[in-house]
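Written below as structure tokens is the structure these notes are about.
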Amino acid sequence: VSTQQPRVVLVYQRTTLPWVFESAERAGIRLILVPRPDETVAADRLPPAVADVLALDIDGDRAGALATLRQVHEATPFQGICTLYDPAVPFVAEAAELLGLPGIGRDAALGAQDKRVMRERLAAAGLNVPRFVGLKDPSAWEEAAHLDFPVVVKPAHGFSSLGVTKAERPDELKAVVEEVWQICRGKLGEARGLIVEEYLDGPEFAVESLAHRGEVTVCGIGYKGAPEGPYFEESVYRAPAVLPEPVRDAIRHEVTAAHAALGIADGPTHTELRLRGDRPYLLELGARIGGSGVSEYIVRNVTGRDFAADALRIAAGLPPRSFEAGHQPAATGAAANYIVPCGGSGRITAIHGLDELRADPRVDHIVQMLFPGDVVRPYPDFTGYPAFILSRHATTAEAEEFHRALETAIRIEYAPEGGR
Ligand code: ADP
Ligand code: CA
Ligand code: CA
Ligand code: CA
């Protein structure tokens with residue numbers, strides 16, 4: 001028995017989102033935390049699993065960040081590196097490749113991040129893909145005018161639905177493309193191309209999977225609502241999704257094939273898809289744990305599988321425990337995330353309904369991100385989500401009922417922007 005606990009670098013994870021830190025602790029994995037540049041971590045209030053903190057400026061000085069990682073690795077080797085933050089996936093893949101650590105590789109990271117490359121690779125593998133056009137810049141908008149409308153315009157390298165906008169008719173396309181481009185420049189810091197694709201109606205689902213040496217296990221399928229746009233803010237996540245077994249099979253098949261098409265052989269993934277009839281169409285596959293760790297909460301509480309612990313073990317080059325023969329995850333019930341909608345804009349003066357929920361036995365976590373005094377800007381200039389409410393229920397139907405009650409129980413009051 002090795003007395004050495006594996007050490008894994010965890011890039012850009014907020015300490016206010018506890019699930020992955022708790023999994024690391026349970027799995028006996030020591031974390032070297034690279035904090036988000038905008039988060040100040042107090043040394044005396046770190047999660048117990050964090051052994052070290054390492055500041056890296058990945059966006060500002062990528063080469064310097066890689067050099068620092070190499071120095072740290074040479075002084076005290078670590079066994080892996082990972083992130084739950086989608087924009088950092090390519091950096092992590094590159095660092096792992098450079099240091100000879102487990103990872104998906106730079107090329108797979110490109111396919112998991114650039115939506116145009118992803119669409120091309122999925123289509124080449126014969127998977128279900130809406131018709132799409134990649135645009136270098138807004139002046140090329142007419143190249144997408146022949147698609148069937150409505151269409152969805154999005155940044156090629158976007159995340160968190162930033163800038164994702166529906167255009168109902170061809171005569172709106174030019175303006176929507178221009179608007180999305182401006183959001184890319186403002187919010188993503190740069191504009192690196194757009195994708196326009198045909199709108200997929202139908203309900204949305206999230207699929208959490210673990211890959212190990214090319215073997216893909218779908219660990220959970222959850223319902224994500226049926227947002228119709230024109231903007232696509234996150235709303236709910238309820239698992240397990242209530243679906244007939246043949247449809248679950250079709251989803252597992254499509255998601256597994258997508259891993260092969262994108263060359264993602266190791267690690268956790270978070271896939272989003274829409275169902276048209278019985279046919280799953282991938283929206284995207286992220287090579288990371290979803291929802292900044294919310295997916296760990298969901299999978300563990302629905303299936304008993306310690307999803308993030310296994311993801312961290314794979315990052316460290318260890319086999320996932322839940323893949324071992326004889327491993328029997330205990331089915332536990334339903335789990336859900338309710339993402340409180342902004343429901344307006346301006347300066348927040350009060351958020352009603354959260355305090356009452358803290359005493360609700362169904363609620364495990366309330367992660368509050370916006371507070372009175374914060375300014376919410378109107379869509380599409382997206383500020384962030386006010387709060388996540390993570391809960392457990394006997395059935396998915398009960399989770400749905402709970403969410404319906406939250407729609408009226410939680411209310412945010414605003415003063416006009418600039419007011420008090
Ligand atoms: P991001 O990387 O910003 O999350 P996504 O491609 O996942 O971008 O799009 C965000 C959301 O926009 C999706 O979850 C979905 O609700 C909606 N969406 C994106 N593309 C389409 C599409 N082709 N048809 C219907 N809805 C879409
Ligand atoms: Ca994404
Ligand atoms: Ca997405
Ligand atoms: Ca989404």
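Following the order of the structure tokens, chains are lettered A, B, ..., residues in each are numbered from 1, and ligands are numbered from 1.
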- [ ] Taking only C-alpha atoms and all ligand atoms into account, report as a VMD selection string which residues have an atom no farther than 9 Å from an atom of ligand 3.
- [x] chain A and resid 158 to 161 270 to 272 283 to 286
Write the residues of the preceding selection, restricted to C-alpha atoms, as an mmCIF file, in the first residue's frame.
data_model
loop_
_atom_site.group_PDB
_atom_site.id
_atom_site.type_symbol
_atom_site.label_atom_id
_atom_site.label_comp_id
_atom_site.auth_asym_id
_atom_site.auth_seq_id
_atom_site.Cartn_x
_atom_site.Cartn_y
_atom_site.Cartn_z
ATOM 1 C CA GLY A 158 -18.012 30.448 -25.952
ATOM 2 C CA PHE A 159 -19.142 29.024 -22.638
ATOM 3 C CA SER A 160 -21.975 29.557 -20.135
ATOM 4 C CA SER A 161 -24.299 30.419 -23.044
ATOM 5 C CA HIS A 270 -20.355 16.861 -19.672
ATOM 6 C CA THR A 271 -22.468 16.560 -22.814
ATOM 7 C CA GLU A 272 -25.506 18.662 -23.679
ATOM 8 C CA LEU A 283 -25.147 20.586 -28.628
ATOM 9 C CA GLU A 284 -21.649 20.157 -27.259
ATOM 10 C CA LEU A 285 -19.371 17.922 -25.257
ATOM 11 C CA GLY A 286 -17.137 19.483 -22.610
#
TODO: May I have the residues within 9 Å of ligand 1, computed using only C-alpha atoms and all ligand atoms, as a PyMOL selection string?
DONE: chain A and resi 86+113+115+129-132+150-166+196-206+224-229+231-234+271-274+281-286
- [ ] Write out as JSON, numbers by chain which residues come within 12 Å of Gly384 of chain A when counting only C-alpha atoms, dropping same-chain ones fewer than 5 positions away.
- [x] {"A": [160, 161, 162, 187, 233, 234, 339, 340, 341, 342, 343, 345, 368, 369, 370, 371, 374, 375, 376, 377, 378, 379]}
Please save C-alpha atoms of the selected residues as a compact mmCIF listing (two decimals), in the first residue's frame.
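So the final result, stored in part20.txt, reads:
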# COMPACT_ATOMS: atom_id res chain seq x y z
CA SER A 160 -21.98 29.56 -20.13
CA SER A 161 -24.30 30.42 -23.04
CA LEU A 162 -22.54 33.78 -23.36
CA LYS A 187 -17.13 39.45 -22.53
CA GLU A 233 -29.90 31.20 -19.73
CA GLU A 234 -29.53 28.07 -17.61
CA ILE A 339 -30.73 28.18 -11.12
CA VAL A 340 -32.42 31.30 -9.82
CA PRO A 341 -33.24 33.55 -12.78
CA CYS A 342 -32.32 37.23 -12.60
CA GLY A 343 -35.91 38.08 -13.48
CA SER A 345 -32.17 44.12 -14.24
CA GLN A 368 -25.37 32.48 -3.76
CA MET A 369 -23.44 34.46 -6.35
CA LEU A 370 -25.31 37.76 -6.51
CA PHE A 371 -26.20 39.88 -3.48
CA ASP A 374 -24.89 44.00 -7.17
CA VAL A 375 -25.95 45.36 -10.54
CA VAL A 376 -27.59 43.02 -13.04
CA ARG A 377 -27.31 44.27 -16.59
CA PRO A 378 -30.08 43.48 -19.05
CA TYR A 379 -29.66 40.59 -21.47
Under the rule of at most 12 Å, produce a per-residue listing of segment 79-114 of chain A near segment 27-51 of chain A: chain, number, name, the closest pair of atoms, and the distance in Å, as CSV, using only C-alpha atoms.
residue,atom,partner,partner_atom,distance
A:Gln79,CA,A:Ile29,CA,10.0
A:Gly80,CA,A:Leu31,CA,9.7
A:Ile81,CA,A:Ile32,CA,8.9
A:Cys82,CA,A:Leu31,CA,10.1
A:Thr83,CA,A:Val34,CA,9.5
A:Leu84,CA,A:Arg36,CA,11.5
A:Tyr85,CA,A:Arg36,CA,9.6
A:Pro87,CA,A:Arg36,CA,11.8
A:Ala88,CA,A:Arg36,CA,10.5
A:Val92,CA,A:Val34,CA,11.5
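Counting only C-alpha atoms and all ligand atoms and comparing A:Gly290, A:Gly263, A:Gly193, A:Gly186, the residue that lies closest to ligand 2 is A:Gly290.
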- [ ] List the neighbours of Asp364 of chain A out to 9 Å using only C-alpha atoms; skip same-chain residues closer than 5 positions along the sequence, and give me the result as a ChimeraX atom specification.
- [x] /A:358,389-392
Output C-alpha atoms for every residue in that selection, as an mmCIF file, in the first residue's frame.
data_model
loop_
_atom_site.group_PDB
_atom_site.id
_atom_site.type_symbol
_atom_site.label_atom_id
_atom_site.label_comp_id
_atom_site.auth_asym_id
_atom_site.auth_seq_id
_atom_site.Cartn_x
_atom_site.Cartn_y
_atom_site.Cartn_z
ATOM 1 C CA ARG A 358 -31.885 27.101 4.196
ATOM 2 C CA ILE A 389 -30.244 25.603 -5.143
ATOM 3 C CA LEU A 390 -29.166 21.970 -4.922
ATOM 4 C CA SER A 391 -31.675 19.530 -3.565
ATOM 5 C CA ARG A 392 -32.515 15.851 -3.175
#
What lies within 6 Å of Trp19 of chain A using only C-alpha atoms, ignoring chain neighbours under 2 positions off, as an mmCIF file with C-alpha atoms, in the first residue's frame?
data_model
loop_
_atom_site.group_PDB
_atom_site.id
_atom_site.type_symbol
_atom_site.label_atom_id
_atom_site.label_comp_id
_atom_site.auth_asym_id
_atom_site.auth_seq_id
_atom_site.Cartn_x
_atom_site.Cartn_y
_atom_site.Cartn_z
ATOM 1 C CA PHE A 21 -12.893 19.509 -2.985
ATOM 2 C CA GLU A 22 -14.997 17.148 -0.871
ATOM 3 C CA GLY A 293 -18.917 20.602 -9.876
#
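Closest approach to Pro319 of chain A among A:Asp52, A:Pro244, A:Cys184, A:Arg213 is made by A:Arg213 (distances from only C-alpha atoms).
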Open item on the list: To test your reading of the structure, identify every residue in segment 112-356 of chain A that backbone DSSP assigns to helix (DSSP H, G or I), and report it as a VMD selection string.
Closed with: chain A and resid 112 to 113 115 to 124 138 to 144 170 to 187 245 to 262 291 to 303 307 to 315 321 to 323 354 to 356
Please produce a file of those selected residues containing C-alpha atoms, as a compact mmCIF listing (two decimals), in the first residue's frame.
# COMPACT_ATOMS: atom_id res chain seq x y z
CA ALA A 112 -13.94 19.89 -27.40
CA GLN A 113 -13.65 23.65 -27.37
CA LYS A 115 -17.65 24.48 -31.78
CA ARG A 116 -16.86 24.51 -35.51
CA VAL A 117 -14.21 21.79 -35.15
CA MET A 118 -16.56 19.80 -32.90
CA ARG A 119 -19.39 19.97 -35.44
CA GLU A 120 -17.04 18.90 -38.26
CA ARG A 121 -15.70 15.93 -36.30
CA LEU A 122 -19.16 14.77 -35.19
CA ALA A 123 -20.51 15.08 -38.74
CA ALA A 124 -17.51 13.19 -40.17
CA PRO A 138 -19.51 39.34 -38.95
CA SER A 139 -18.90 40.53 -42.51
CA ALA A 140 -19.34 36.91 -43.64
CA TRP A 141 -22.91 36.69 -42.26
CA GLU A 142 -24.46 36.05 -45.68
CA GLU A 143 -22.69 32.67 -45.84
CA ALA A 144 -25.24 31.47 -43.26
CA PRO A 170 -33.13 35.71 -42.37
CA ASP A 171 -33.73 39.46 -42.11
CA GLU A 172 -32.55 39.38 -38.47
CA LEU A 173 -29.36 37.46 -39.17
CA LYS A 174 -27.01 40.35 -39.92
CA ALA A 175 -27.95 42.22 -36.73
CA VAL A 176 -27.79 39.11 -34.52
CA VAL A 177 -24.38 38.15 -35.92
CA GLU A 178 -23.13 41.67 -35.20
CA GLU A 179 -24.56 41.59 -31.66
CA VAL A 180 -22.96 38.22 -30.84
CA TRP A 181 -19.64 39.45 -32.21
CA GLN A 182 -19.75 42.50 -29.92
CA ILE A 183 -20.46 40.24 -26.93
CA CYS A 184 -17.47 38.07 -27.84
CA ARG A 185 -15.26 41.13 -27.91
CA GLY A 186 -16.61 42.54 -24.67
CA LYS A 187 -17.13 39.45 -22.53
CA GLU A 245 -35.25 2.94 -22.03
CA PRO A 246 -34.80 2.90 -25.86
CA VAL A 247 -34.27 6.69 -25.82
CA ARG A 248 -31.76 6.38 -22.96
CA ASP A 249 -30.00 3.78 -25.08
CA ALA A 250 -29.95 6.09 -28.10
CA ILE A 251 -28.46 8.84 -25.91
CA ARG A 252 -25.78 6.52 -24.47
CA HIS A 253 -24.91 5.36 -27.96
CA GLU A 254 -24.66 8.88 -29.41
CA VAL A 255 -22.61 10.19 -26.48
CA THR A 256 -20.23 7.22 -26.53
CA ALA A 257 -19.73 7.63 -30.28
CA ALA A 258 -19.06 11.35 -29.77
CA HIS A 259 -16.16 10.53 -27.42
CA ALA A 260 -14.64 8.38 -30.15
CA ALA A 261 -15.27 11.02 -32.84
CA LEU A 262 -13.58 13.70 -30.71
CA GLY A 291 -21.47 22.95 -13.83
CA SER A 292 -18.28 23.77 -11.88
CA GLY A 293 -18.92 20.60 -9.88
CA VAL A 294 -22.72 20.57 -9.78
CA SER A 295 -22.52 17.43 -11.93
CA GLU A 296 -20.60 15.70 -9.13
CA TYR A 297 -23.40 16.52 -6.70
CA ILE A 298 -26.03 15.25 -9.13
CA VAL A 299 -24.29 12.00 -10.12
CA ARG A 300 -23.33 11.08 -6.56
CA ASN A 301 -26.80 11.65 -5.21
CA VAL A 302 -28.59 9.89 -8.06
CA THR A 303 -26.31 6.88 -8.44
CA PHE A 307 -17.96 10.90 -9.90
CA ALA A 308 -15.39 13.60 -9.12
CA ALA A 309 -13.22 11.25 -7.07
CA ASP A 310 -13.01 8.95 -10.09
CA ALA A 311 -12.37 11.92 -12.39
CA LEU A 312 -9.47 12.99 -10.15
CA ARG A 313 -8.14 9.42 -10.04
CA ILE A 314 -8.15 9.28 -13.85
CA ALA A 315 -6.32 12.63 -13.93
CA ARG A 321 -12.99 2.85 -8.54
CA SER A 322 -16.50 2.70 -9.97
CA PHE A 323 -15.18 0.79 -13.02
CA LEU A 354 -33.56 32.10 0.12
CA ASP A 355 -33.45 32.22 3.94
CA GLU A 356 -36.59 30.09 4.24
Open item on the list: as a ChimeraX atom specification, please: every residue in segment 278-412 of chain A that DSSP puts in strand (DSSP E).
Closed with: /A:279-286,334-339,346-352,363-368,375-376,387-393,411-412
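Closest approach to ligand 2 from the set A:Gly220, A:Thr269, A:Pro77, A:Pro102 is made by A:Thr269, with distances taken over only C-alpha atoms and all ligand atoms.
The smallest atom-to-atom distance between ligand 4 and any of A:Leu210, A:Glu324, A:Ser235, A:Gly105, using only C-alpha atoms and all ligand atoms, is found for A:Ser235.
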